[in-house]
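Note: the block below is entry10.cif and it holds mmCIF, C-alpha atoms and all ligand atoms.
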```
data_my_file
loop_
_atom_site.label_atom_id
_atom_site.label_comp_id
_atom_site.auth_asym_id
_atom_site.auth_seq_id
_atom_site.Cartn_x
_atom_site.Cartn_y
_atom_site.Cartn_z
CA MET H 1 23.01 -1.20 17.39
CA VAL H 2 21.56 -0.08 14.08
CA ILE H 3 18.12 1.52 14.37
CA PRO H 4 16.10 0.15 11.42
CA TYR H 5 13.69 2.36 9.45
CA GLY H 6 10.91 -0.09 10.24
CA ARG H 7 10.41 -3.46 11.86
CA GLN H 8 7.73 -5.93 12.84
CA ASP H 9 6.50 -6.59 16.37
CA ILE H 10 5.97 -10.28 17.16
CA GLN H 11 4.51 -11.15 20.56
CA GLU H 12 4.00 -14.40 22.44
CA SER H 13 0.28 -14.41 21.50
CA ASP H 14 1.21 -14.29 17.79
CA ILE H 15 3.57 -17.23 18.23
CA ASN H 16 0.93 -19.23 20.10
CA GLU H 17 -1.62 -18.66 17.32
CA VAL H 18 0.81 -19.84 14.64
CA VAL H 19 1.86 -22.88 16.69
CA SER H 20 -1.77 -23.87 17.18
CA VAL H 21 -2.22 -23.91 13.39
CA LEU H 22 0.94 -26.04 13.04
CA LYS H 23 -0.62 -28.55 15.41
CA SER H 24 -3.99 -28.48 13.65
CA GLU H 25 -5.31 -30.39 10.67
CA PHE H 26 -5.00 -27.58 8.11
CA LEU H 27 -1.86 -25.58 7.29
CA THR H 28 -3.68 -24.02 4.36
CA GLN H 29 -7.29 -23.87 3.09
CA GLY H 30 -8.56 -24.36 6.65
CA PRO H 31 -10.69 -22.03 8.78
CA LYS H 32 -8.07 -19.36 9.56
CA VAL H 33 -8.11 -17.50 6.25
CA PRO H 34 -11.88 -16.84 6.24
CA GLU H 35 -11.64 -15.92 9.93
CA PHE H 36 -8.92 -13.38 9.12
CA GLU H 37 -10.93 -12.03 6.19
CA ASN H 38 -14.02 -11.59 8.36
CA LYS H 39 -11.99 -9.87 11.03
CA ILE H 40 -10.63 -7.39 8.51
CA SER H 41 -14.11 -6.68 7.12
CA SER H 42 -15.67 -6.13 10.52
CA LEU H 43 -12.83 -3.85 11.55
CA ILE H 44 -12.56 -1.79 8.36
CA GLY H 45 -16.29 -1.74 7.66
CA ASN H 46 -16.19 -3.22 4.14
CA LEU H 47 -18.30 -6.17 2.99
CA TYR H 48 -15.80 -8.57 1.36
CA SER H 49 -12.11 -9.22 2.03
CA ILE H 50 -9.96 -11.55 -0.08
CA ALA H 51 -6.65 -12.49 1.53
CA THR H 52 -3.72 -13.33 -0.74
CA ASN H 53 -0.06 -14.33 -0.53
CA SER H 54 1.03 -10.72 -1.16
CA ALA H 55 -0.36 -7.27 -1.86
CA THR H 56 1.13 -7.57 -5.35
CA SER H 57 -1.06 -10.64 -5.98
CA ALA H 58 -4.09 -8.77 -4.63
CA LEU H 59 -3.38 -5.80 -6.93
CA HIS H 60 -3.02 -8.19 -9.88
CA ILE H 61 -6.34 -9.98 -9.34
CA ALA H 62 -8.00 -6.65 -8.57
CA CYS H 63 -6.97 -5.43 -12.05
CA LEU H 64 -8.11 -8.70 -13.64
CA ALA H 65 -11.45 -8.59 -11.80
CA LEU H 66 -11.99 -5.14 -13.32
CA GLU H 67 -11.14 -6.70 -16.70
CA LEU H 68 -7.98 -4.72 -17.36
CA LYS H 69 -6.54 -6.14 -20.57
CA ALA H 70 -4.52 -5.44 -23.73
CA GLY H 71 -5.45 -2.05 -25.17
CA ASP H 72 -6.51 -0.70 -21.75
CA THR H 73 -4.52 1.69 -19.59
CA LEU H 74 -3.97 2.03 -15.84
CA TRP H 75 -2.70 5.25 -14.27
CA THR H 76 -0.89 5.30 -10.96
CA SER H 77 1.54 7.48 -9.02
CA PRO H 78 5.22 7.54 -10.01
CA ILE H 79 6.09 7.57 -6.28
CA THR H 80 5.19 4.02 -5.35
CA PHE H 81 6.70 0.57 -5.22
CA VAL H 82 7.11 -0.86 -8.72
CA ALA H 83 4.40 -3.48 -8.08
CA SER H 84 1.61 -0.88 -8.44
CA ALA H 85 2.56 -0.33 -12.08
CA ASN H 86 3.84 -3.83 -12.85
CA VAL H 87 0.46 -5.49 -12.27
CA ALA H 88 -1.08 -3.46 -15.13
CA LEU H 89 1.63 -4.65 -17.51
CA GLN H 90 1.10 -8.21 -16.24
CA CYS H 91 -2.51 -7.90 -17.44
CA GLY H 92 -1.22 -6.96 -20.89
CA ALA H 93 -2.39 -3.36 -20.40
CA ASN H 94 -0.48 -0.08 -20.66
CA VAL H 95 0.59 2.00 -17.71
CA ASP H 96 0.98 5.74 -17.27
CA PHE H 97 1.54 8.03 -14.30
CA VAL H 98 -0.02 11.10 -12.71
CA ASP H 99 2.37 13.43 -10.90
CA ILE H 100 2.25 13.91 -7.12
CA LYS H 101 1.37 16.87 -4.92
CA LYS H 102 4.43 18.56 -3.48
CA ASP H 103 3.10 18.65 0.06
CA THR H 104 1.44 15.26 0.65
CA PHE H 105 3.40 13.30 -2.00
CA ASN H 106 0.13 11.64 -3.08
CA MET H 107 -1.39 11.64 -6.57
CA CYS H 108 -2.37 15.22 -7.42
CA PRO H 109 -6.13 15.47 -8.18
CA ASP H 110 -5.57 18.60 -10.29
CA ALA H 111 -2.88 16.88 -12.37
CA LEU H 112 -5.25 13.92 -12.71
CA ALA H 113 -8.11 16.18 -13.87
CA ALA H 114 -5.88 17.91 -16.42
CA LYS H 115 -4.53 14.62 -17.77
CA LEU H 116 -8.05 13.17 -18.03
CA GLU H 117 -9.24 16.15 -20.00
CA LYS H 118 -6.45 15.66 -22.51
CA ALA H 119 -6.97 11.90 -22.61
CA GLU H 120 -10.66 12.30 -23.35
CA TYR H 121 -9.80 14.52 -26.28
CA SER H 122 -7.27 12.02 -27.66
CA GLY H 123 -9.39 8.94 -26.83
CA THR H 124 -6.86 7.52 -24.37
CA LEU H 125 -8.80 7.55 -21.10
CA PRO H 126 -7.63 5.05 -18.47
CA LYS H 127 -9.79 2.08 -17.45
CA ILE H 128 -8.36 2.11 -13.93
CA VAL H 129 -6.74 4.77 -11.78
CA MET H 130 -4.67 3.49 -8.85
CA PRO H 131 -4.00 6.14 -6.21
CA VAL H 132 -1.40 5.13 -3.62
CA ALA H 133 -1.88 6.10 0.03
CA LEU H 134 1.78 6.96 0.48
CA CYS H 135 3.22 6.61 4.00
CA GLY H 136 -0.28 5.61 5.19
CA GLN H 137 -1.98 8.90 4.30
CA SER H 138 -5.12 8.61 2.17
CA CYS H 139 -5.24 10.35 -1.20
CA GLU H 140 -7.97 12.94 -1.82
CA MET H 141 -10.41 10.20 -2.62
CA GLU H 142 -13.57 12.25 -3.00
CA LYS H 143 -12.04 14.33 -5.79
CA ILE H 144 -10.74 11.19 -7.47
CA LYS H 145 -14.14 9.50 -7.16
CA LEU H 146 -15.90 12.49 -8.75
CA LEU H 147 -13.46 12.26 -11.66
CA ALA H 148 -14.14 8.49 -11.88
CA GLU H 149 -17.86 9.23 -12.24
CA LYS H 150 -17.21 11.89 -14.87
CA TYR H 151 -14.75 9.89 -16.98
CA GLY H 152 -15.90 6.32 -16.28
CA PHE H 153 -12.78 4.77 -14.81
CA LYS H 154 -12.56 2.39 -11.84
CA ILE H 155 -10.48 2.98 -8.72
CA ILE H 156 -8.09 0.49 -7.15
CA GLU H 157 -6.54 2.06 -4.09
CA ASP H 158 -3.03 0.81 -3.33
CA ALA H 159 -3.35 1.16 0.44
CA SER H 160 -0.39 -1.17 1.10
CA HIS H 161 0.92 1.33 3.68
CA ALA H 162 -2.38 2.33 5.13
CA ILE H 163 -4.28 -0.27 7.16
CA GLY H 164 -5.61 1.54 10.21
CA GLY H 165 -5.40 4.93 8.50
CA ARG H 166 -8.55 7.01 8.07
CA TYR H 167 -10.14 9.28 5.51
CA ARG H 168 -12.88 11.62 6.74
CA GLY H 169 -12.97 9.71 10.00
CA ALA H 170 -13.59 6.25 8.49
CA TYR H 171 -11.08 3.50 7.85
CA ILE H 172 -9.31 3.44 4.49
CA GLY H 173 -10.56 0.42 2.52
CA ASN H 174 -14.22 0.65 3.58
CA GLY H 175 -15.35 0.82 -0.04
CA ASN H 176 -16.82 4.32 0.10
CA PHE H 177 -14.42 5.75 -2.45
CA ALA H 178 -12.54 2.91 -4.18
CA ASP H 179 -13.92 -0.11 -6.05
CA ILE H 180 -11.15 -2.18 -4.49
CA SER H 181 -8.52 -1.33 -1.85
CA VAL H 182 -5.40 -3.38 -1.19
CA PHE H 183 -3.33 -3.68 2.00
CA SER H 184 0.10 -5.34 2.36
CA PHE H 185 1.19 -7.49 5.30
CA HIS H 186 4.90 -7.51 4.49
CA PRO H 187 6.92 -7.27 7.76
CA VAL H 188 7.79 -3.59 7.31
CA LYS H 189 4.10 -2.62 6.95
CA ILE H 190 1.65 -1.88 9.78
CA VAL H 191 0.64 -5.48 10.61
CA THR H 192 2.31 -8.56 9.18
CA THR H 193 1.64 -12.11 8.00
CA GLY H 194 5.26 -12.61 6.84
CA GLU H 195 4.23 -12.17 3.22
CA GLY H 196 0.60 -11.41 2.49
CA GLY H 197 -2.02 -9.00 1.34
CA VAL H 198 -5.76 -8.45 1.14
CA ALA H 199 -8.19 -6.87 -1.29
CA THR H 200 -11.29 -5.23 0.19
CA THR H 201 -14.45 -4.35 -1.72
CA ASN H 202 -18.20 -3.88 -1.30
CA ASN H 203 -18.97 -5.36 -4.72
CA ILE H 204 -19.93 -9.04 -4.53
CA GLU H 205 -19.17 -9.71 -8.20
CA LEU H 206 -15.65 -8.30 -7.86
CA ALA H 207 -15.19 -10.30 -4.65
CA ASN H 208 -16.28 -13.56 -6.29
CA ARG H 209 -14.10 -12.89 -9.30
CA MET H 210 -11.04 -12.23 -7.11
CA ARG H 211 -11.70 -15.39 -5.06
CA LEU H 212 -11.83 -17.41 -8.26
CA LEU H 213 -8.63 -15.89 -9.67
CA ARG H 214 -6.82 -16.39 -6.35
CA SER H 215 -7.20 -20.14 -6.67
CA HIS H 216 -6.55 -21.30 -10.26
CA GLY H 217 -9.89 -20.12 -11.64
CA VAL H 218 -11.35 -23.26 -10.08
CA THR H 219 -14.79 -23.39 -8.46
CA ARG H 220 -16.74 -25.83 -6.33
CA GLU H 221 -19.90 -23.69 -6.50
CA LEU H 222 -22.63 -25.55 -8.40
CA SER H 223 -24.18 -22.26 -9.51
CA GLN H 224 -20.97 -21.38 -11.38
CA MET H 225 -20.70 -24.71 -13.24
CA ASP H 226 -21.95 -25.45 -16.72
CA CYS H 227 -23.37 -28.87 -15.80
CA ALA H 228 -24.52 -30.91 -12.80
CA SER H 229 -21.84 -32.12 -10.39
CA HIS H 230 -20.25 -35.47 -11.27
CA GLY H 231 -19.88 -36.27 -7.55
CA PRO H 232 -18.49 -35.05 -4.26
CA TRP H 233 -14.96 -34.68 -5.73
CA TYR H 234 -16.11 -32.42 -8.51
CA TYR H 235 -14.82 -28.94 -9.36
CA GLN H 236 -14.50 -26.99 -12.58
CA GLN H 237 -11.97 -24.53 -13.92
CA ILE H 238 -13.99 -21.67 -15.37
CA ALA H 239 -11.30 -18.97 -15.75
CA MET H 240 -7.51 -18.66 -15.93
CA GLY H 241 -6.30 -18.10 -12.38
CA PHE H 242 -3.28 -18.37 -10.11
CA ASN H 243 -2.22 -19.83 -6.79
CA TYR H 244 -2.27 -16.58 -4.83
CA ARG H 245 -3.66 -18.13 -1.63
CA MET H 246 -2.63 -17.11 1.87
CA THR H 247 -1.83 -20.01 4.24
CA ASP H 248 -3.60 -20.60 7.56
CA LEU H 249 -0.27 -20.02 9.34
CA GLN H 250 -0.13 -16.52 7.88
CA ALA H 251 -3.80 -15.79 8.54
CA ALA H 252 -3.43 -16.83 12.19
CA LEU H 253 -0.48 -14.48 12.58
CA GLY H 254 -2.42 -11.72 10.84
CA SER H 255 -5.52 -12.17 13.02
CA SER H 256 -3.42 -11.98 16.14
CA GLN H 257 -1.60 -8.88 14.87
CA LEU H 258 -4.86 -7.20 13.90
CA ASP H 259 -5.88 -7.17 17.57
CA ARG H 260 -3.13 -4.59 18.07
CA LEU H 261 -3.83 -2.48 14.96
CA ASN H 262 -5.14 0.55 16.81
CA GLU H 263 -2.37 0.30 19.39
CA TYR H 264 0.18 0.29 16.56
CA VAL H 265 -1.34 3.25 14.76
CA THR H 266 -1.59 5.22 18.01
CA LYS H 267 2.06 4.52 18.80
CA ARG H 268 3.16 5.44 15.27
CA THR H 269 1.16 8.67 15.50
CA GLU H 270 2.84 9.55 18.80
CA LEU H 271 6.27 8.97 17.28
CA ALA H 272 5.35 11.10 14.25
CA ASN H 273 4.07 13.86 16.55
CA LEU H 274 7.33 13.86 18.45
CA TYR H 275 9.33 14.13 15.21
CA ASN H 276 7.02 16.98 14.13
CA GLU H 277 7.52 18.78 17.40
CA ARG H 278 11.28 18.35 17.68
CA LEU H 279 12.13 19.00 14.04
CA LYS H 280 9.73 21.85 13.34
CA ASN H 281 12.38 24.56 13.74
CA SER H 282 14.98 22.77 11.62
CA ASP H 283 15.58 23.37 7.91
CA LEU H 284 13.90 20.08 7.10
CA MET H 285 10.54 19.88 5.34
CA LEU H 286 8.26 17.69 7.42
CA PRO H 287 5.39 15.52 6.14
CA VAL H 288 2.23 17.56 5.54
CA GLN H 289 -1.12 16.03 6.48
CA HIS H 290 -4.29 16.84 4.55
CA GLU H 291 -7.12 17.85 6.89
CA ASP H 292 -9.32 14.92 5.75
CA THR H 293 -6.77 12.26 6.67
CA GLN H 294 -5.43 10.43 9.69
CA SER H 295 -2.35 8.55 8.54
CA SER H 296 -1.38 5.07 9.74
CA TRP H 297 2.18 6.49 9.68
CA HIS H 298 3.86 3.61 7.88
CA LEU H 299 6.64 6.02 6.92
CA TYR H 300 7.91 9.37 8.13
CA VAL H 301 9.53 11.13 5.17
CA ILE H 302 11.69 14.21 5.65
CA GLN H 303 13.02 16.40 2.85
CA VAL H 304 16.15 18.49 2.72
CA PRO H 305 15.61 22.10 1.55
CA LYS H 306 15.49 22.72 -2.18
CA HIS H 307 19.09 23.78 -2.66
CA ARG H 308 20.53 20.97 -0.54
CA ASP H 309 21.53 17.44 -1.51
CA HIS H 310 20.03 14.60 0.55
CA LEU H 311 22.93 12.21 -0.03
CA PRO H 312 25.38 13.60 2.59
CA LEU H 313 22.65 13.57 5.24
CA PHE H 314 21.64 10.04 4.22
CA LYS H 315 25.25 8.88 4.55
CA LYS H 316 25.69 10.65 7.87
CA LEU H 317 22.60 8.91 9.30
CA ILE H 318 23.84 5.52 8.11
CA ALA H 319 27.28 6.22 9.61
CA LYS H 320 25.57 6.95 12.92
CA GLY H 321 23.81 3.58 12.86
CA ILE H 322 20.46 4.94 11.76
CA GLY H 323 18.83 2.74 9.15
CA VAL H 324 17.27 5.26 6.82
CA ASN H 325 15.74 4.45 3.44
CA LEU H 326 14.16 6.18 0.44
CA HIS H 327 10.60 5.47 -0.66
CA TYR H 328 10.56 5.48 -3.65
CA ILE H 329 12.64 5.77 -6.80
CA PRO H 330 10.13 7.19 -9.33
CA VAL H 331 8.85 4.14 -11.22
CA HIS H 332 9.16 5.75 -14.66
CA THR H 333 12.92 6.25 -14.16
CA HIS H 334 13.76 2.55 -13.76
CA PRO H 335 15.59 1.07 -16.79
CA PHE H 336 12.69 -1.29 -17.46
CA TYR H 337 10.21 1.57 -17.63
CA LYS H 338 12.61 3.69 -19.66
CA SER H 339 12.73 0.80 -22.14
CA LEU H 340 8.95 1.26 -22.50
CA GLY H 341 9.51 4.88 -23.53
CA PHE H 342 9.24 6.80 -20.25
CA LYS H 343 11.63 9.71 -19.92
CA LEU H 344 13.26 11.62 -17.11
CA GLY H 345 11.66 15.04 -16.69
CA THR H 346 8.11 13.83 -17.33
CA PHE H 347 6.91 13.97 -13.72
CA PRO H 348 8.85 16.88 -12.17
CA CYS H 349 7.22 16.82 -8.72
CA ALA H 350 7.97 13.10 -8.34
CA GLU H 351 11.54 13.62 -9.47
CA ASP H 352 12.00 16.56 -7.10
CA TYR H 353 10.57 14.43 -4.28
CA TYR H 354 13.10 11.72 -5.07
CA SER H 355 16.02 14.13 -5.01
CA ARG H 356 15.25 15.43 -1.51
CA SER H 357 13.53 12.72 0.53
CA ILE H 358 14.65 10.36 3.28
CA SER H 359 12.46 7.91 5.27
CA ILE H 360 13.59 8.01 8.90
CA PRO H 361 12.98 5.25 11.49
CA LEU H 362 9.42 4.74 12.71
CA TYR H 363 8.01 1.52 14.18
CA PRO H 364 5.80 0.81 17.18
CA THR H 365 8.52 -0.72 19.37
CA MET H 366 10.91 2.16 18.73
CA LYS H 367 12.50 3.25 22.01
CA GLU H 368 12.40 6.89 23.06
CA CYS H 369 16.20 7.02 23.36
CA ASP H 370 16.52 5.74 19.79
CA GLN H 371 14.14 8.36 18.49
CA PHE H 372 16.15 11.07 20.29
CA ARG H 373 19.32 9.66 18.68
CA VAL H 374 17.72 10.19 15.25
CA ILE H 375 16.49 13.67 16.18
CA ASP H 376 19.89 14.70 17.55
CA VAL H 377 21.74 13.65 14.39
CA LEU H 378 19.27 15.59 12.25
CA LEU H 379 19.43 18.76 14.36
CA GLU H 380 23.22 18.59 14.59
CA TYR H 381 23.49 18.23 10.81
CA PHE H 382 21.67 21.49 10.17
CA ALA H 383 23.16 23.38 13.15
C1 LIG H 401 4.72 -3.10 -0.10
C2 LIG H 401 4.02 -2.49 -1.23
C3 LIG H 401 3.48 -3.23 -2.30
C4 LIG H 401 3.70 -4.69 -2.44
O1 LIG H 401 3.32 -5.40 -1.31
P1 LIG H 401 3.74 -6.93 -1.18
O2 LIG H 401 2.85 -7.42 -0.08
O3 LIG H 401 5.19 -6.94 -0.81
O4 LIG H 401 3.47 -7.58 -2.47
C5 LIG H 401 2.76 -2.56 -3.27
N1 LIG H 401 2.60 -1.24 -3.24
C6 LIG H 401 3.12 -0.48 -2.25
C7 LIG H 401 2.87 0.98 -2.25
C8 LIG H 401 3.86 -1.09 -1.23
O5 LIG H 401 4.41 -0.34 -0.28
#
```
Let me see the file written as structure tokens.
Ligand SMILES: *Cc1c(COP(=O)(O)O)cnc(C)c1O
Amino acid sequence: MVIPYGRQDIQESDINEVVSVLKSEFLTQGPKVPEFENKISSLIGNLYSIATNSATSALHIACLALELKAGDTLWTSPITFVASANVALQCGANVDFVDIKKDTFNMCPDALAAKLEKAEYSGTLPKIVMPVALCGQSCEMEKIKLLAEKYGFKIIEDASHAIGGRYRGAYIGNGNFADISVFSFHPVKIVTTGEGGVATTNNIELANRMRLLRSHGVTRELSQMDCASHGPWYYQQIAMGFNYRMTDLQAALGSSQLDRLNEYVTKRTELANLYNERLKNSDLMLPVQHEDTQSSWHLYVIQVPKHRDHLPLFKKLIAKGIGVNLHYIPVHTHPFYKSLGFKLGTFPCAEDYYSRSISIPLYPTMKECDQFRVIDVLLEYFA
């Protein structure tokens, strides 16, 4: 039996919720999506939640709502899934990266400050900065917010990994530090809707804008129209939008999963603590937690020591039936990004991270014996 690096947990209650939607009148655009959105808001403590068919879609409409366009620039972390950077290009804007911190692997606030200072001088300040809460650990959001106030950029937090994680005791995505936060509900993430995502914000204008863009730029709100309604069928397209809607089937699954969010995060934290405890005397570098954060523990990333290669260990784990992975290949090193002019060597901490990291299995239904199998292989390798 291969131990995967992550996997979803589907229970009978989830199945029943989805089946009840299948038997209902609405498979999409019914009551389940707003119910799911309200549940997220009341849990996280933000005002508005906009559910979408993926986190990528949510990131895209978040950028558009903040009017990212040709001539503008978005900065994100090089250690993220390509979607974080792609959405800026999809808006016609430019993208650039800010190197990571060596210990937390999140965007380095000092590197950000230094890059902003230079950009101000050369007139190339970003319109949006997108920190990524890697592995479920929040970035140093207060420092980033202070820089946003100083330099006038907006913050979209790619919290795809991080629902249920906390920063300074409060849930990530509550709107205290970011203009918009985005969570993913892909099956490997903390809770799932199959495919799906959500954008959270406390700004009603951004929320309305994202709702409009999620559904073709079409409105049924009289106050948004440029003339009186023609009749009960009437709607108007007032912006260019997309079909980024979540279905009621997905929202029902998500609502049911959300009931177990804290259980999941607690279980993931216990597994991470056990890895920390058992591996602390090995040669491996273990994930460092900033004192302001409580991670949702989407990923547990280990690093081989500086002079060692991670590939033999990666292969050994695979050979032993342990489904490891690597999150992520630095975005700027992909051929597509190289074709835009990015070069190897530009973000040394990110590139060093990539050369030494491995994501090891961590999911709430992971059995104790499976976790000990992973630990044993790791300890044996360095013995
Ligand atoms: C998963 C992920 C995304 C994309 O999420 P989807 O829901 O698959 O679109 C974006 N950014 C990060 C950091 C992710 O891990």
Legend entry - Pick from H:Glu25, H:Glu351, H:Glu17, H:Glu157 nearest to ligand LIG 401 (chain H), counting only C-alpha atoms and all ligand atoms: H:Glu157
Just the residues within 10 Å of Leu249 of chain H, please, counting all atoms listed in the file, with nothing from its chain fewer than 3 positions along; format it as a PDB file with C-alpha atoms, in the coordinates of the input.
```
ATOM      1  CA  GLU H  17      -1.620 -18.660  17.320  1.00  0.00           C
ATOM      2  CA  VAL H  18       0.810 -19.840  14.640  1.00  0.00           C
ATOM      3  CA  VAL H  19       1.860 -22.880  16.690  1.00  0.00           C
ATOM      4  CA  SER H  20      -1.770 -23.870  17.180  1.00  0.00           C
ATOM      5  CA  VAL H  21      -2.220 -23.910  13.390  1.00  0.00           C
ATOM      6  CA  LEU H  22       0.940 -26.040  13.040  1.00  0.00           C
ATOM      7  CA  PHE H  26      -5.000 -27.580   8.110  1.00  0.00           C
ATOM      8  CA  LEU H  27      -1.860 -25.580   7.290  1.00  0.00           C
ATOM      9  CA  THR H  28      -3.680 -24.020   4.360  1.00  0.00           C
ATOM     10  CA  GLY H  30      -8.560 -24.360   6.650  1.00  0.00           C
ATOM     11  CA  LYS H  32      -8.070 -19.360   9.560  1.00  0.00           C
ATOM     12  CA  VAL H  33      -8.110 -17.500   6.250  1.00  0.00           C
ATOM     13  CA  THR H 193       1.640 -12.110   8.000  1.00  0.00           C
ATOM     14  CA  GLY H 194       5.260 -12.610   6.840  1.00  0.00           C
ATOM     15  CA  MET H 246      -2.630 -17.110   1.870  1.00  0.00           C
ATOM     16  CA  ALA H 252      -3.430 -16.830  12.190  1.00  0.00           C
ATOM     17  CA  LEU H 253      -0.480 -14.480  12.580  1.00  0.00           C
ATOM     18  CA  GLY H 254      -2.420 -11.720  10.840  1.00  0.00           C
TER      19      GLY H 254
END
```
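The closest residue to Gln90 of chain H, picked from H:Arg373, H:His161, H:Lys69, H:Arg260 and counting all atoms listed in the file, is H:Lys69.
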Axis-aligned box for ligand LIG 401 (chain H), 5 Å per side, centre and edges in Å as AutoDock Vina command-line options:
```
--center_x 3.9 --center_y -3.3 --center_z -1.7 --size_x 12.6 --size_y 18.6 --size_z 13.2
```
Closest-contact table, segment 148-192 of chain H side, partner segment 103-117 of chain H, 12 Å, counting all atoms listed in the file, as a tab-separated table:
```
residue	atom	partner	partner_atom	distance
H:Ala148	CA	H:Leu116	CA	9.8
H:Lys150	CA	H:Leu116	CA	9.8
H:Tyr151	CA	H:Leu116	CA	7.5
H:Gly152	CA	H:Leu116	CA	10.6
H:Phe153	CA	H:Leu116	CA	10.2
H:Glu157	CA	H:Met107	CA	11.2
H:Asp158	CA	H:Asn106	CA	11.3
H:Ala159	CA	H:Asn106	CA	11.6
```
Atoms to include: C-alpha atoms. Write the selected residues as a compact mmCIF listing (two decimals), in the frame of the given file.
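Result written to out.txt:
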```
# COMPACT_ATOMS: atom_id res chain seq x y z
CA ALA H 148 -14.14 8.49 -11.88
CA LYS H 150 -17.21 11.89 -14.87
CA TYR H 151 -14.75 9.89 -16.98
CA GLY H 152 -15.90 6.32 -16.28
CA PHE H 153 -12.78 4.77 -14.81
CA GLU H 157 -6.54 2.06 -4.09
CA ASP H 158 -3.03 0.81 -3.33
CA ALA H 159 -3.35 1.16 0.44
```
Legend entry - Nearest to Met285 of chain H, chosen from H:Val304, H:Val198, H:Leu47, H:Leu271, with only C-alpha atoms counted in the distances: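 Answer, going by the shortest atom-to-atom distance: H:Val304.
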Residues near Lys189 of chain H, cut-off 10 Å, all atoms listed in the file, skip fewer than 3 positions along chain, as a PDB file with C-alpha atoms, in the frame of the given file:
```
ATOM      1  CA  GLY H   6      10.910  -0.090  10.240  1.00  0.00           C
ATOM      2  CA  ARG H   7      10.410  -3.460  11.860  1.00  0.00           C
ATOM      3  CA  GLN H   8       7.730  -5.930  12.840  1.00  0.00           C
ATOM      4  CA  CYS H 135       3.220   6.610   4.000  1.00  0.00           C
ATOM      5  CA  GLY H 136      -0.280   5.610   5.190  1.00  0.00           C
ATOM      6  CA  SER H 160      -0.390  -1.170   1.100  1.00  0.00           C
ATOM      7  CA  HIS H 161       0.920   1.330   3.680  1.00  0.00           C
ATOM      8  CA  ALA H 162      -2.380   2.330   5.130  1.00  0.00           C
ATOM      9  CA  ILE H 163      -4.280  -0.270   7.160  1.00  0.00           C
ATOM     10  CA  PHE H 183      -3.330  -3.680   2.000  1.00  0.00           C
ATOM     11  CA  SER H 184       0.100  -5.340   2.360  1.00  0.00           C
ATOM     12  CA  PHE H 185       1.190  -7.490   5.300  1.00  0.00           C
ATOM     13  CA  HIS H 186       4.900  -7.510   4.490  1.00  0.00           C
ATOM     14  CA  THR H 192       2.310  -8.560   9.180  1.00  0.00           C
ATOM     15  CA  THR H 193       1.640 -12.110   8.000  1.00  0.00           C
ATOM     16  CA  SER H 296      -1.380   5.070   9.740  1.00  0.00           C
ATOM     17  CA  TRP H 297       2.180   6.490   9.680  1.00  0.00           C
ATOM     18  CA  HIS H 298       3.860   3.610   7.880  1.00  0.00           C
ATOM     19  CA  LEU H 299       6.640   6.020   6.920  1.00  0.00           C
ATOM     20  CA  TYR H 363       8.010   1.520  14.180  1.00  0.00           C
TER      21      TYR H 363
END
```
Legend entry - Counting all atoms listed in the file, the residue of H:Asn46, H:Asn16, H:Tyr328, H:Glu291 that sits nearest ligand LIG 401 (chain H): H:Tyr328
Inset, instruction - Tell me, as a list in words, which residues lie within 7 Å of Cys349 of chain H, counting only C-alpha atoms; anything in the same chain fewer than 2 positions away does not count. - result: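 Once the adjacent positions are removed, what remains is Asp99, Ile100, Lys101, Lys102, Phe347, Glu351, Asp352 and Tyr353 of chain H.
The smallest atom-to-atom distance between ligand LIG 401 (chain H) and any of H:Thr80, H:Gln257, H:Thr219, H:Thr266, using all atoms listed in the file, is found for H:Thr80.
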Which residues, written as a PDB file with C-alpha atoms, keeping the file's coordinate frame, have at least one atom at most 7 Å from Arg168 of chain H, with all atoms listed in the file counted and residues fewer than 2 positions away on the same chain left out?
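That gives us out_24.pdb:
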```
ATOM      1  CA  ARG H 166      -8.550   7.010   8.070  1.00  0.00           C
ATOM      2  CA  ALA H 170     -13.590   6.250   8.490  1.00  0.00           C
ATOM      3  CA  ASP H 292      -9.320  14.920   5.750  1.00  0.00           C
ATOM      4  CA  THR H 293      -6.770  12.260   6.670  1.00  0.00           C
TER       5      THR H 293
END
```
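Reported to one decimal place, the separation of atom C8 of ligand LIG 401 (chain H) from atom CA of Thr200 of chain H is 15.8 Å.
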Legend entry - Selected residue of minimal separation from ligand LIG 401 (chain H) among H:Asn325, H:Ser41, H:Asn86, H:Ser357, counting only C-alpha atoms and all ligand atoms: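 Result for the nearest residue to ligand LIG 401 (chain H): H:Asn86.
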Inset, instruction - For Glu142 of chain H, work out the shell of residues within 12 Å, counting all atoms listed in the file and skipping chain neighbours fewer than 2 positions away, then give it as JSON, numbers by chain. - result: {"H": [109, 131, 138, 139, 140, 144, 145, 146, 147, 148, 149, 155, 167, 168, 175, 176, 177, 178, 292, 293]}
Inset, instruction - Please work out which residues fall within 12 Å of (2.9, 16.1, 15.3), coordinates as given in the file, with only C-alpha atoms counting, and return them as a list in words. - result: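 All residues meeting the 12 Å criterion around (2.9, 16.1, 15.3) are Arg268, Thr269, Glu270, Leu271, Ala272, Asn273, Leu274, Tyr275, Asn276, Glu277, Arg278, Leu279, Lys280, Leu286, Pro287, Val288, Gln289, Gln294, Ser295, Trp297 and Tyr300 of chain H.
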Inset, instruction - Give as a list in words every residue, naming chains and numbers as the document does, that has an atom within 8 Å of (-10.0, -12.5, -4.6), counting all atoms listed in the file. - result: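 Output: Ser49, Ile50, Ala51, Thr52, Ala58, Ile61, Ala62, Ala199, Leu206, Ala207, Asn208, Arg209, Met210, Arg211, Leu212, Leu213 and Arg214 of chain H.
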